[in-house]
>>> print(open('work_28.pdb').read())   # PDB, C-alpha atoms and all ligand atoms
ATOM      1  CA  MET A1142      -9.738  25.021  25.845  1.00  0.00           C
ATOM      2  CA  HIS A1143     -10.898  22.359  23.417  1.00  0.00           C
ATOM      3  CA  ILE A1144     -11.012  22.925  19.670  1.00  0.00           C
ATOM      4  CA  LEU A1145     -12.811  20.919  17.003  1.00  0.00           C
ATOM      5  CA  HIS A1146     -11.228  21.407  13.577  1.00  0.00           C
ATOM      6  CA  LEU A1147     -13.469  20.430  10.681  1.00  0.00           C
ATOM      7  CA  ALA A1148     -11.050  20.085   7.778  1.00  0.00           C
ATOM      8  CA  SER A1149     -12.612  19.962   4.332  1.00  0.00           C
ATOM      9  CA  SER A1150      -9.868  20.294   1.708  1.00  0.00           C
ATOM     10  CA  PRO A1151      -8.522  17.028   0.290  1.00  0.00           C
ATOM     11  CA  ARG A1152      -5.286  18.763  -0.860  1.00  0.00           C
ATOM     12  CA  GLY A1153      -3.140  17.908   2.165  1.00  0.00           C
ATOM     13  CA  ASP A1154       0.114  19.883   2.331  1.00  0.00           C
ATOM     14  CA  ARG A1155      -0.888  21.934  -0.731  1.00  0.00           C
ATOM     15  CA  SER A1156      -4.127  23.169   0.822  1.00  0.00           C
ATOM     16  CA  ALA A1157      -4.350  26.908   1.460  1.00  0.00           C
ATOM     17  CA  SER A1158      -7.323  26.593   3.833  1.00  0.00           C
ATOM     18  CA  LEU A1159      -5.521  23.951   5.905  1.00  0.00           C
ATOM     19  CA  LYS A1160      -2.451  26.214   6.113  1.00  0.00           C
ATOM     20  CA  LEU A1161      -4.585  29.065   7.466  1.00  0.00           C
ATOM     21  CA  ALA A1162      -6.197  26.818  10.067  1.00  0.00           C
ATOM     22  CA  ALA A1163      -2.762  25.425  10.978  1.00  0.00           C
ATOM     23  CA  ARG A1164      -1.459  28.949  11.624  1.00  0.00           C
ATOM     24  CA  TYR A1165      -4.467  29.694  13.863  1.00  0.00           C
ATOM     25  CA  LEU A1166      -4.152  26.418  15.769  1.00  0.00           C
ATOM     26  CA  GLU A1167      -0.373  26.705  16.198  1.00  0.00           C
ATOM     27  CA  THR A1168      -0.744  30.227  17.564  1.00  0.00           C
ATOM     28  CA  LEU A1169      -3.580  29.198  19.847  1.00  0.00           C
ATOM     29  CA  THR A1170      -1.820  26.120  21.240  1.00  0.00           C
ATOM     30  CA  SER A1171       1.387  28.112  21.791  1.00  0.00           C
ATOM     31  CA  LEU A1172      -0.582  30.645  23.881  1.00  0.00           C
ATOM     32  CA  HIS A1173      -2.836  28.157  25.696  1.00  0.00           C
ATOM     33  CA  ALA A1174      -0.810  25.267  27.080  1.00  0.00           C
ATOM     34  CA  ASP A1175      -4.017  23.420  28.002  1.00  0.00           C
ATOM     35  CA  ALA A1176      -5.532  23.587  24.498  1.00  0.00           C
ATOM     36  CA  THR A1177      -6.504  20.297  22.855  1.00  0.00           C
ATOM     37  CA  VAL A1178      -7.468  19.811  19.218  1.00  0.00           C
ATOM     38  CA  ASP A1179      -9.808  17.197  17.728  1.00  0.00           C
ATOM     39  CA  VAL A1180      -9.402  17.063  13.940  1.00  0.00           C
ATOM     40  CA  LEU A1181     -12.335  15.790  11.922  1.00  0.00           C
ATOM     41  CA  ASP A1182     -11.146  15.520   8.322  1.00  0.00           C
ATOM     42  CA  VAL A1183     -14.253  14.934   6.227  1.00  0.00           C
ATOM     43  CA  TRP A1184     -12.198  13.162   3.536  1.00  0.00           C
ATOM     44  CA  THR A1185     -10.654  10.553   5.822  1.00  0.00           C
ATOM     45  CA  THR A1186     -13.602  10.092   8.179  1.00  0.00           C
ATOM     46  CA  ASP A1187     -16.080   7.373   7.377  1.00  0.00           C
ATOM     47  CA  LEU A1188     -19.205   9.580   7.329  1.00  0.00           C
ATOM     48  CA  LEU A1189     -22.404   7.687   8.001  1.00  0.00           C
ATOM     49  CA  PRO A1190     -24.636   7.508   4.930  1.00  0.00           C
ATOM     50  CA  PHE A1191     -27.539   9.870   5.407  1.00  0.00           C
ATOM     51  CA  ASP A1192     -30.279   7.952   3.688  1.00  0.00           C
ATOM     52  CA  GLY A1193     -32.083   4.719   4.599  1.00  0.00           C
ATOM     53  CA  ALA A1194     -32.163   4.121   8.365  1.00  0.00           C
ATOM     54  CA  ALA A1195     -30.598   7.504   9.242  1.00  0.00           C
ATOM     55  CA  LEU A1196     -33.216   9.425   7.280  1.00  0.00           C
ATOM     56  CA  GLU A1197     -36.015   7.267   8.672  1.00  0.00           C
ATOM     57  CA  ALA A1198     -34.664   7.931  12.183  1.00  0.00           C
ATOM     58  CA  LYS A1199     -34.720  11.692  11.559  1.00  0.00           C
ATOM     59  CA  TYR A1200     -38.369  11.624  10.470  1.00  0.00           C
ATOM     60  CA  ALA A1201     -39.334   9.217  13.272  1.00  0.00           C
ATOM     61  CA  ASP A1202     -37.832  11.711  15.736  1.00  0.00           C
ATOM     62  CA  LEU A1203     -39.598  14.691  14.106  1.00  0.00           C
ATOM     63  CA  GLN A1204     -42.940  12.856  13.984  1.00  0.00           C
ATOM     64  CA  GLY A1205     -42.630  11.281  17.440  1.00  0.00           C
ATOM     65  CA  VAL A1206     -42.745   7.750  16.038  1.00  0.00           C
ATOM     66  CA  GLN A1207     -40.946   4.828  17.748  1.00  0.00           C
ATOM     67  CA  MET A1208     -37.637   3.993  16.005  1.00  0.00           C
ATOM     68  CA  ASN A1209     -36.772   0.414  15.176  1.00  0.00           C
ATOM     69  CA  ALA A1210     -33.472  -1.089  16.381  1.00  0.00           C
ATOM     70  CA  GLU A1211     -31.568  -0.180  13.200  1.00  0.00           C
ATOM     71  CA  GLN A1212     -32.809   3.418  13.331  1.00  0.00           C
ATOM     72  CA  GLN A1213     -31.962   3.691  17.039  1.00  0.00           C
ATOM     73  CA  ALA A1214     -28.428   2.431  16.381  1.00  0.00           C
ATOM     74  CA  VAL A1215     -27.781   4.995  13.675  1.00  0.00           C
ATOM     75  CA  TRP A1216     -29.399   7.747  15.787  1.00  0.00           C
ATOM     76  CA  GLU A1217     -26.926   6.915  18.564  1.00  0.00           C
ATOM     77  CA  GLN A1218     -24.054   7.219  16.085  1.00  0.00           C
ATOM     78  CA  ILE A1219     -25.331  10.708  15.178  1.00  0.00           C
ATOM     79  CA  HIS A1220     -25.471  11.680  18.862  1.00  0.00           C
ATOM     80  CA  THR A1221     -21.904  10.418  19.310  1.00  0.00           C
ATOM     81  CA  LEU A1222     -20.790  12.571  16.365  1.00  0.00           C
ATOM     82  CA  GLY A1223     -22.659  15.522  17.895  1.00  0.00           C
ATOM     83  CA  GLU A1224     -20.772  15.089  21.166  1.00  0.00           C
ATOM     84  CA  ARG A1225     -17.582  16.103  19.361  1.00  0.00           C
ATOM     85  CA  PHE A1226     -19.247  19.482  18.658  1.00  0.00           C
ATOM     86  CA  HIS A1227     -20.540  19.821  22.229  1.00  0.00           C
ATOM     87  CA  ARG A1228     -17.103  19.090  23.729  1.00  0.00           C
ATOM     88  CA  ALA A1229     -15.550  21.973  21.764  1.00  0.00           C
ATOM     89  CA  ASP A1230     -15.193  25.555  22.999  1.00  0.00           C
ATOM     90  CA  VAL A1231     -14.080  26.611  19.512  1.00  0.00           C
ATOM     91  CA  ILE A1232     -15.268  25.063  16.236  1.00  0.00           C
ATOM     92  CA  VAL A1233     -12.888  25.751  13.373  1.00  0.00           C
ATOM     93  CA  PHE A1234     -13.769  25.173   9.718  1.00  0.00           C
ATOM     94  CA  SER A1235     -11.098  25.125   7.030  1.00  0.00           C
ATOM     95  CA  VAL A1236     -13.016  25.259   3.786  1.00  0.00           C
ATOM     96  CA  PRO A1237     -12.197  25.752   0.102  1.00  0.00           C
ATOM     97  CA  MET A1238     -14.926  27.190  -2.117  1.00  0.00           C
ATOM     98  CA  TRP A1239     -16.272  24.532  -4.479  1.00  0.00           C
ATOM     99  CA  ASN A1240     -18.745  25.698  -7.110  1.00  0.00           C
ATOM    100  CA  PHE A1241     -19.445  28.706  -4.916  1.00  0.00           C
ATOM    101  CA  GLY A1242     -20.430  26.445  -2.046  1.00  0.00           C
ATOM    102  CA  VAL A1243     -18.603  24.040   0.254  1.00  0.00           C
ATOM    103  CA  PRO A1244     -17.087  20.626  -0.637  1.00  0.00           C
ATOM    104  CA  TYR A1245     -19.777  17.961  -0.703  1.00  0.00           C
ATOM    105  CA  ARG A1246     -18.178  15.905   2.077  1.00  0.00           C
ATOM    106  CA  LEU A1247     -18.500  18.872   4.456  1.00  0.00           C
ATOM    107  CA  LYS A1248     -22.152  19.260   3.464  1.00  0.00           C
ATOM    108  CA  HIS A1249     -22.574  15.534   4.106  1.00  0.00           C
ATOM    109  CA  LEU A1250     -21.134  15.896   7.624  1.00  0.00           C
ATOM    110  CA  ILE A1251     -23.357  18.915   8.343  1.00  0.00           C
ATOM    111  CA  ASP A1252     -26.469  17.109   7.064  1.00  0.00           C
ATOM    112  CA  ALA A1253     -25.646  14.047   9.174  1.00  0.00           C
ATOM    113  CA  VAL A1254     -24.955  15.816  12.462  1.00  0.00           C
ATOM    114  CA  SER A1255     -27.365  18.765  12.383  1.00  0.00           C
ATOM    115  CA  GLN A1256     -30.342  17.065  13.981  1.00  0.00           C
ATOM    116  CA  ARG A1257     -33.006  17.980  16.487  1.00  0.00           C
ATOM    117  CA  GLY A1258     -31.837  17.088  19.972  1.00  0.00           C
ATOM    118  CA  VAL A1259     -28.229  16.973  18.756  1.00  0.00           C
ATOM    119  CA  LEU A1260     -27.281  20.493  17.608  1.00  0.00           C
ATOM    120  CA  PHE A1261     -30.656  22.257  17.898  1.00  0.00           C
ATOM    121  CA  ASP A1262     -34.106  21.915  19.383  1.00  0.00           C
ATOM    122  CA  PHE A1263     -37.199  22.462  17.308  1.00  0.00           C
ATOM    123  CA  ASP A1264     -40.757  22.600  18.609  1.00  0.00           C
ATOM    124  CA  ALA A1265     -43.902  24.746  18.556  1.00  0.00           C
ATOM    125  CA  GLN A1266     -41.883  27.622  20.073  1.00  0.00           C
ATOM    126  CA  GLY A1267     -39.440  27.505  17.150  1.00  0.00           C
ATOM    127  CA  MET A1268     -35.810  26.581  16.727  1.00  0.00           C
ATOM    128  CA  ARG A1269     -33.122  26.907  19.397  1.00  0.00           C
ATOM    129  CA  GLY A1270     -29.475  26.120  18.790  1.00  0.00           C
ATOM    130  CA  LEU A1271     -27.755  23.901  21.346  1.00  0.00           C
ATOM    131  CA  LEU A1272     -24.184  25.123  20.757  1.00  0.00           C
ATOM    132  CA  LYS A1273     -24.720  28.481  22.499  1.00  0.00           C
ATOM    133  CA  GLY A1274     -21.569  30.118  23.877  1.00  0.00           C
ATOM    134  CA  LYS A1275     -19.193  28.408  21.465  1.00  0.00           C
ATOM    135  CA  LYS A1276     -16.945  30.229  19.047  1.00  0.00           C
ATOM    136  CA  VAL A1277     -17.087  29.415  15.327  1.00  0.00           C
ATOM    137  CA  VAL A1278     -14.086  30.385  13.200  1.00  0.00           C
ATOM    138  CA  VAL A1279     -13.940  29.861   9.435  1.00  0.00           C
ATOM    139  CA  PHE A1280     -10.806  29.775   7.248  1.00  0.00           C
ATOM    140  CA  ALA A1281     -12.074  30.045   3.690  1.00  0.00           C
ATOM    141  CA  THR A1282     -10.184  30.010   0.392  1.00  0.00           C
ATOM    142  CA  ARG A1283     -11.400  30.835  -3.110  1.00  0.00           C
ATOM    143  CA  GLY A1284      -9.831  30.625  -6.541  1.00  0.00           C
ATOM    144  CA  VAL A1285     -11.432  33.906  -7.618  1.00  0.00           C
ATOM    145  CA  ALA A1286     -12.318  37.108  -5.784  1.00  0.00           C
ATOM    146  CA  LEU A1287     -15.998  37.725  -5.223  1.00  0.00           C
ATOM    147  CA  GLY A1288     -17.186  41.215  -6.089  1.00  0.00           C
ATOM    148  CA  GLU A1289     -17.660  42.649  -9.572  1.00  0.00           C
ATOM    149  CA  ASP A1290     -18.143  39.547 -11.766  1.00  0.00           C
ATOM    150  CA  PHE A1291     -19.353  37.422  -8.880  1.00  0.00           C
ATOM    151  CA  PRO A1292     -21.495  39.580  -6.541  1.00  0.00           C
ATOM    152  CA  THR A1293     -21.039  38.256  -3.018  1.00  0.00           C
ATOM    153  CA  GLU A1294     -24.763  38.241  -2.213  1.00  0.00           C
ATOM    154  CA  ASP A1295     -25.403  35.865  -5.148  1.00  0.00           C
ATOM    155  CA  TYR A1296     -22.221  33.814  -5.215  1.00  0.00           C
ATOM    156  CA  ASP A1297     -21.162  33.258  -1.606  1.00  0.00           C
ATOM    157  CA  HIS A1298     -22.661  29.927  -0.540  1.00  0.00           C
ATOM    158  CA  GLN A1299     -19.496  29.149   1.429  1.00  0.00           C
ATOM    159  CA  VAL A1300     -18.936  31.566   4.345  1.00  0.00           C
ATOM    160  CA  ALA A1301     -22.564  32.750   4.165  1.00  0.00           C
ATOM    161  CA  TYR A1302     -23.743  29.140   4.440  1.00  0.00           C
ATOM    162  CA  LEU A1303     -21.551  28.429   7.478  1.00  0.00           C
ATOM    163  CA  LYS A1304     -22.809  31.676   9.062  1.00  0.00           C
ATOM    164  CA  THR A1305     -26.393  30.462   8.643  1.00  0.00           C
ATOM    165  CA  TRP A1306     -25.489  27.017  10.009  1.00  0.00           C
ATOM    166  CA  ALA A1307     -23.820  28.645  13.039  1.00  0.00           C
ATOM    167  CA  ARG A1308     -26.975  30.688  13.729  1.00  0.00           C
ATOM    168  CA  MET A1309     -29.076  27.557  13.439  1.00  0.00           C
ATOM    169  CA  VAL A1310     -26.996  25.833  16.117  1.00  0.00           C
ATOM    170  CA  GLY A1311     -27.013  28.850  18.461  1.00  0.00           C
ATOM    171  CA  VAL A1312     -23.909  30.866  17.526  1.00  0.00           C
ATOM    172  CA  PRO A1313     -25.136  34.281  16.316  1.00  0.00           C
ATOM    173  CA  ALA A1314     -21.818  35.533  14.898  1.00  0.00           C
ATOM    174  CA  ILE A1315     -18.714  33.912  13.477  1.00  0.00           C
ATOM    175  CA  ASP A1316     -15.159  35.008  12.701  1.00  0.00           C
ATOM    176  CA  ALA A1317     -14.123  34.440   9.104  1.00  0.00           C
ATOM    177  CA  VAL A1318     -10.735  34.796   7.451  1.00  0.00           C
ATOM    178  CA  VAL A1319     -10.947  34.624   3.664  1.00  0.00           C
ATOM    179  CA  SER A1320      -8.082  34.237   1.209  1.00  0.00           C
ATOM    180  CA  GLU A1321      -9.427  35.054  -2.242  1.00  0.00           C
ATOM    181  CA  ALA A1322      -7.935  34.776  -5.731  1.00  0.00           C
ATOM    182  CA  THR A1323      -5.724  31.812  -4.849  1.00  0.00           C
ATOM    183  CA  LEU A1324      -5.761  30.941  -8.579  1.00  0.00           C
ATOM    184  CA  ALA A1325      -4.871  34.466  -9.722  1.00  0.00           C
ATOM    185  CA  ASP A1326      -1.308  35.590 -10.582  1.00  0.00           C
ATOM    186  CA  ALA A1327       1.291  34.610  -7.984  1.00  0.00           C
ATOM    187  CA  THR A1328       1.756  38.119  -6.579  1.00  0.00           C
ATOM    188  CA  THR A1329      -1.959  38.690  -5.970  1.00  0.00           C
ATOM    189  CA  ALA A1330      -2.463  35.212  -4.552  1.00  0.00           C
ATOM    190  CA  GLU A1331       0.533  35.496  -2.231  1.00  0.00           C
ATOM    191  CA  THR A1332      -0.339  38.997  -1.011  1.00  0.00           C
ATOM    192  CA  ASN A1333      -3.887  37.917  -0.157  1.00  0.00           C
ATOM    193  CA  PHE A1334      -2.723  34.694   1.458  1.00  0.00           C
ATOM    194  CA  ASN A1335      -0.106  36.433   3.637  1.00  0.00           C
ATOM    195  CA  ALA A1336      -2.727  38.941   4.798  1.00  0.00           C
ATOM    196  CA  ALA A1337      -5.030  36.031   5.703  1.00  0.00           C
ATOM    197  CA  LEU A1338      -2.200  34.296   7.603  1.00  0.00           C
ATOM    198  CA  ALA A1339      -1.641  37.472   9.628  1.00  0.00           C
ATOM    199  CA  GLN A1340      -5.380  37.636  10.380  1.00  0.00           C
ATOM    200  CA  ALA A1341      -5.317  34.008  11.510  1.00  0.00           C
ATOM    201  CA  SER A1342      -2.479  34.744  13.969  1.00  0.00           C
ATOM    202  CA  LYS A1343      -4.285  37.833  15.263  1.00  0.00           C
ATOM    203  CA  LEU A1344      -7.583  36.002  15.764  1.00  0.00           C
ATOM    204  CA  ALA A1345      -5.787  33.360  17.817  1.00  0.00           C
ATOM    205  CA  ALA A1346      -3.879  35.952  19.844  1.00  0.00           C
ATOM    206  CA  ASP A1347      -7.094  37.928  20.514  1.00  0.00           C
ATOM    207  CA  LEU A1348      -9.010  34.889  21.759  1.00  0.00           C
ATOM    208  CA  THR A1349      -9.403  35.138  25.505  1.00  0.00           C
TER
HETATM  209  C1  LIG B1401     -14.154  21.078  -7.425  1.00  0.00           C
HETATM  210  C2  LIG B1401     -13.654  22.495  -7.278  1.00  0.00           C
HETATM  211  C3  LIG B1401     -14.534  23.552  -7.464  1.00  0.00           C
HETATM  212  C4  LIG B1401     -14.088  24.863  -7.306  1.00  0.00           C
HETATM  213  N1  LIG B1401     -14.998  25.885  -7.425  1.00  0.00           N
HETATM  214  C5  LIG B1401     -14.611  27.158  -7.186  1.00  0.00           C
HETATM  215  C6  LIG B1401     -15.551  28.220  -7.213  1.00  0.00           C
HETATM  216  O1  LIG B1401     -16.752  28.035  -7.432  1.00  0.00           O
HETATM  217  N2  LIG B1401     -15.117  29.475  -6.962  1.00  0.00           N
HETATM  218  C7  LIG B1401     -13.811  29.735  -6.669  1.00  0.00           C
HETATM  219  O2  LIG B1401     -13.475  30.893  -6.420  1.00  0.00           O
HETATM  220  N3  LIG B1401     -12.886  28.742  -6.626  1.00  0.00           N
HETATM  221  C8  LIG B1401     -13.259  27.464  -6.878  1.00  0.00           C
HETATM  222  N4  LIG B1401     -12.348  26.440  -6.807  1.00  0.00           N
HETATM  223  C9  LIG B1401     -10.932  26.779  -6.470  1.00  0.00           C
HETATM  224  C10 LIG B1401     -10.645  26.607  -4.994  1.00  0.00           C
HETATM  225  O3  LIG B1401     -11.600  27.236  -4.169  1.00  0.00           O
HETATM  226  C11 LIG B1401      -9.251  27.185  -4.669  1.00  0.00           C
HETATM  227  O4  LIG B1401      -8.267  26.534  -5.430  1.00  0.00           O
HETATM  228  C12 LIG B1401      -8.930  27.132  -3.189  1.00  0.00           C
HETATM  229  O5  LIG B1401      -7.790  27.901  -2.931  1.00  0.00           O
HETATM  230  C13 LIG B1401      -8.691  25.691  -2.726  1.00  0.00           C
HETATM  231  O6  LIG B1401      -8.418  25.672  -1.333  1.00  0.00           O
HETATM  232  P1  LIG B1401      -7.544  24.491  -0.711  1.00  0.00           P
HETATM  233  O7  LIG B1401      -6.132  24.670  -1.253  1.00  0.00           O
HETATM  234  O8  LIG B1401      -7.605  24.658   0.747  1.00  0.00           O
HETATM  235  O9  LIG B1401      -8.148  23.197  -1.178  1.00  0.00           O
HETATM  236  C14 LIG B1401     -12.732  25.128  -6.973  1.00  0.00           C
HETATM  237  C15 LIG B1401     -11.854  24.042  -6.820  1.00  0.00           C
HETATM  238  C16 LIG B1401     -12.308  22.740  -6.959  1.00  0.00           C
HETATM  239  C17 LIG B1401     -11.342  21.611  -6.746  1.00  0.00           C
END
>>> encode(input="work_28.pdb", output="structure tokens")
Amino acid sequence: MHILHLASSPRGDRSASLKLAARYLETLTSLHADATVDVLDVWTTDLLPFDGAALEAKYADLQGVQMNAEQQAVWEQIHTLGERFHRADVIVFSVPMWNFGVPYRLKHLIDAVSQRGVLFDFDAQGMRGLLKGKKVVVFATRGVALGEDFPTEDYDHQVAYLKTWARMVGVPAIDAVVSEATLADATTAETNFNAALAQASKLAADLT
């Protein structure tokens, strides 16, 4: 079993989302001796700029136009990045909510790697994801609780966004563990977080 962990909190040891993913990965690796983990931390990875040659390469591909050498080189880099997704059986996101969405470096990674011929195909017949059969698991944290003041359907651009991305790349359903109200009073925050930790262990134990 090979796991790709896309880590998107810059808070290191203080990060709640990283702690949830760590619990899941520790449980999984203790149960599956053969499991390997590739960590892609969006804050320490030199993400390729997605403008200039990369953007031109994307449109050249979509329009069937020959790429120049610079565009081809950057397109190859994108394919190499995509291979890390293809190698994985399980794709894990650890993701704090930022302004009701995801941290911009994670969005940058997703915009760079989600290309035709890399993670999906797109033609006259429509769009087909190329990551079919993989599992996507999301460990999400939020300072507040969505619900009354922040209706989920309007405010969740975090888990809902990753769900949509997963569908786009061929994974129709995801597992999500959410720890809300991390910035609330200590008792509430801790109760929610401990429940999320237990869910993380269970998800790992249930994975066959
Ligand atoms: C730039 C920034 C924006 C944030 N925006 C939101 C937000 O829109 N909604 C929310 O509930 N929490 C928000 N938070 C709080 C974080 O989601 C919360 O502290 C979370 O537990 C952080 O997870 P981490 O410890 O894994 O980084 C924000 C935090 C930062 C740093």
>>> resolve_selection(input="work_28.pdb", expression="the PyMOL selection byres (((chain A and resi 1297) around 12) and not hetatm)", output="count of residues only")
30
>>> residues_around(input="work_28.pdb", residues="A:Glu1217", least_positions_apart="2", cutoff="12 Å", atoms="all atoms listed in the file", output="PyMOL selection string")
chain A and resi 1189+1194-1195+1198-1199+1208+1210-1215+1219-1224+1253-1254+1256+1258-1259
>>> atom_distance(input="work_28.pdb", atom1="atom CA of A:Leu1271", atom2="atom CA of A:Trp1184")
26.0 Å
>>> atom_distance(input="work_28.pdb", atom1="atom CA of A:His1146", atom2="atom CA of A:Val1178")
7.0 Å
>>> atom_distance(input="work_28.pdb", atom1="atom CA of A:Lys1273", atom2="atom CA of A:Ile1232")
11.8 Å
>>> resolve_selection(input="work_28.pdb", expression="the PyMOL selection byres (((chain A and resi 1337) around 8) and not hetatm)", output="number ranges by chain")
A: 1161, 1318-1320, 1333-1336, 1338-1341
>>> closest_residue(input="work_28.pdb", among="A:Arg1257, A:His1173, A:Arg1155, A:His1143", to="ligand LIG 1401 (chain B)", atoms="only C-alpha atoms and all ligand atoms")
A:Arg1155
>>> resolve_selection(input="work_28.pdb", expression="the PyMOL selection byres (((chain A and resi 1168) around 9) and not hetatm)", output="ChimeraX atom specification")
/A:1163-1167,1169-1173,1341-1343,1345-1346
>>> axis_aligned_box(input="work_28.pdb", around="ligand LIG 1401 (chain B)", padding_each_side="6 Å", output="AutoDock Vina command-line options")
--center_x -11.4 --center_y 26.0 --center_z -3.4 --size_x 22.6 --size_y 21.8 --size_z 20.2
